[in-house]
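Here is the structure we will look at.
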Amino acid sequence: MNDLLIIAGKKFSSRLFLGTGKFPSGEVMAKAAAASGTEMITVALRRVNLVRPERDILSFLDKARFHLLPNTSGARDAKEAILLARLAREAGLSEWIKLEVIPDPQYLLPDPIETLKAAEALVREGFIVLPYIQADPVLAKRLTDVGCATIMPLAAPIGSNRGIKTREMLEIIIEQATIPVVIDAGLGTPEHAREAMALGADAVLVNTAIATAANPILTAGQFKEAVVMGRGQFISQGKKTEIFAQPSSPLAGVIGQ
Amino acid sequence: MSELFAQAQALTQQRFGRVMQLFAPLYISNECVDLCDYCGFSFSNQIARKTLSVAEVQAEAAYLKKQGFQHLLLVSGEDPKAVSPDYLAQVLAGLRGDFSSLALEVAPFETEIYQRLKEHGLDRVVVYQETYDREAYARVHRAGPKRNYARRLEAPERAARAGIRQIGMGILLGLSDWRQDATALIEHVKILKKRYWQTEWTVSFPRLRPCASGYNPPHLITDEEYKELIATTRIALPDVGIVLSTRESPELRDELLELGVTQMSAGSCTNPGGYSLASESTEQFEIADHRDPATVAAAIMKKGLEPVWKDWESIL
């Protein structure tokens, strides 16, 4: 089946994105990445050690195989996020940036105002911007309007493993989306990932649930299968074409009556 | 493993990951105007005193950087003349470009001074109350500015108000009842977390070690109790970093790194110039873990954790 995910013109056959934090070693991370089948891996710039690359997080990843997505973890406002994005570009890492603007160190929730400001500026500077946001449909629209490549709403707070706690709002975001929706954060089990995909997400991003599992490599494989299954369920429900479908109660003749 | 330890370990791994951040203390001065019974740097101790020049600090820092460190904690006694805000600003500016993060564990300052030091590259302030027991506090802090309990108590708040991103708090175990002190510390952190919601807080529980003062701590805590303290703190403050120094033995440190600790120092010297300058200055206390940083990193990996040398960007 030809069911590719396209972000900013780039094609992905895997709909599972992986985070690289929290792994017990670079070796385990690399094996888990391989087992997950992922093609998109996000890396925190704050962890990248360009001066001393021996045991650096990047040294374990085959850049030909994975699309590297630097993220702005650590940024508390738009200004800091923009500085980090520029640093990533100057270091030759990528023009793609996962925009995380997180002023709250407790629940790690993103700041909608600063995220929008940063997204607008970074798009103008030519970055491909993938913003991490609350499951807020209006914010999703505003970010789409300024030219973001995806929107990445959260299912639950980062690292909480709590599953899809923002379902109603995610459904609205997905229904209204004109760019890919990647559900990011809070997915704690393969079942959560399946559920997110069946809901109509274009992809999911998983980190904590894989990195801190007793066996990250096996768990990565389970997430891979769950994502494929959820995507299959979504397509087989016929929802994929919903936006082009005829309403079951035709409006013709209703309006203007 | 007991249920308490298992829960603490699970919480730590979920929140912080299977990683351990490494940092190094860099003692920049042992001059001090405070008279404190338990400290090797106490004013009345006849010891070899030294304050490093900016160039000497850079030489020590270069030595630490070669070992892999990206996170530095600059430490000194309290001496308004030798360790002035101007001096600290110069020291920070001289290191800024070379390290991911810079922390200060020096005298407490006013908000405006913290703001100024922040502009020169300060990321983190460490200021321990030592004990929340006012009587015990007054007994051991005999003279000097540190005798002012309230001024010290409010220091973390002044640093937070200045916009310092990370603030380390702690108690010095041995001065008073550890359970009461730990409870007070946890409550203190909880209050500050609500008020200064953008600040990252960490806690630490240094245990008194032998030093030039020859002080005998009246309240001892056993290794088993220490483990219980770390695990309980993790459960009380699930998202707060716990910092561990080389005051503890290699065996205990290897156990603690699974129970809630998120950052540790390694290969530490506690006298100014101790790393590379063949300095004759006296140390603050004897460390208990003498392993070099690479050996500590290997022990961390053996426990199934990744040693993290860099987890910040100096531009932040």
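Following the order of the structure tokens, chains are lettered A, B, ..., residues in each are numbered from 1, and ligands are numbered from 1.
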
Residues of chain A no more than 7 Å from chain B, counting only C-alpha atoms: send them over as a list of chain:residue names.
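Interface list for chain A against chain B: A:Lys22, A:Phe23, A:Pro24, A:Ser25, A:Arg46, A:Arg47, A:Asn49, A:Ala75, A:Glu80, A:Pro103, A:Asp104, A:Pro105, A:Gln106, A:Gly159, A:Thr208, A:Thr212.
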
Write a file of the selected residues as an mmCIF file, in the first residue's frame, keeping C-alpha atoms.
data_model
loop_
_atom_site.group_PDB
_atom_site.id
_atom_site.type_symbol
_atom_site.label_atom_id
_atom_site.label_comp_id
_atom_site.auth_asym_id
_atom_site.auth_seq_id
_atom_site.Cartn_x
_atom_site.Cartn_y
_atom_site.Cartn_z
ATOM 1 C CA LYS A 22 16.438 9.153 28.586
ATOM 2 C CA PHE A 23 18.023 6.089 26.921
ATOM 3 C CA PRO A 24 20.384 3.986 29.091
ATOM 4 C CA SER A 25 23.112 4.203 26.418
ATOM 5 C CA ARG A 46 21.442 20.848 24.582
ATOM 6 C CA ARG A 47 22.608 17.230 24.517
ATOM 7 C CA ASN A 49 28.318 17.909 22.081
ATOM 8 C CA ALA A 75 14.122 27.266 25.436
ATOM 9 C CA GLU A 80 15.883 31.392 23.077
ATOM 10 C CA PRO A 103 8.682 27.749 30.452
ATOM 11 C CA ASP A 104 7.279 25.278 32.979
ATOM 12 C CA PRO A 105 9.871 22.825 34.312
ATOM 13 C CA GLN A 106 7.257 20.911 36.308
ATOM 14 C CA GLY A 159 6.985 11.752 29.959
ATOM 15 C CA THR A 208 9.928 8.060 27.360
ATOM 16 C CA THR A 212 12.726 3.862 29.940
#

Compile the contact shell of Ala220 of chain A as a PyMOL selection string: residues with an atom at most 12 Å away, counting only C-alpha atoms, same-chain residues fewer than 6 positions apart removed.
chain A and resi 16-19+28-38+188-190+193+205-214+226-227

Would you list, as a PyMOL selection string, the residues of segment 3-215 of chain A that end up in alpha helix (DSSP H) under DSSP run on this structure's backbone?
chain A and resi 26-36+78-90+112-124+137-145+167-176+190-198+208-211

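Minimum atom-to-atom distances from B:Gln129, B:Ser29, B:Gln90, B:Gln67 to Gly267 of chain B were compared using only C-alpha atoms, and the lowest value belongs to B:Gln67.
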
Measuring atom to atom with only C-alpha atoms, identify which of B:Arg96, B:Arg247, B:Lys50, B:His141 is nearest to Ser76 of chain B.
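The closest residue to Ser76 of chain B is B:Lys50.
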
Please provide as a short mmCIF file (atom, residue, chain, number, x, y, z; two decimals) with C-alpha atoms, in the first residue's frame all residues within 10 Å of Gly274 of chain B, with the sequence filter that same-chain residues fewer than 5 positions apart are discarded (counting only C-alpha atoms).
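The resulting file, selection_11.cif, is shown below:
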data_model
loop_
_atom_site.label_atom_id
_atom_site.label_comp_id
_atom_site.auth_asym_id
_atom_site.auth_seq_id
_atom_site.Cartn_x
_atom_site.Cartn_y
_atom_site.Cartn_z
CA LEU B 26 35.94 24.28 40.98
CA TYR B 27 37.07 25.92 44.20
CA ILE B 28 38.03 29.50 43.41
CA GLU B 60 41.74 24.85 36.42
CA SER B 268 36.62 16.51 42.86
CA CYS B 269 39.23 18.65 44.62
CA SER B 279 48.40 24.72 45.11
CA GLU B 280 49.28 24.53 48.79
CA SER B 281 45.87 25.85 49.86
CA THR B 282 43.84 23.81 52.35
CA GLU B 283 40.78 21.81 51.28
#

So that I can check the surroundings of Ala155 of chain B, please list as a list in words every protein, DNA and RNA residue that reaches within 9 Å of it, counting only C-alpha atoms and ignoring chain neighbours fewer than 3 positions away.
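That gives Pro108, Phe109, Glu110, Thr111, Val127, Ala150, Arg151, Arg152, Arg158, Ala159 and Ala160 of chain B.
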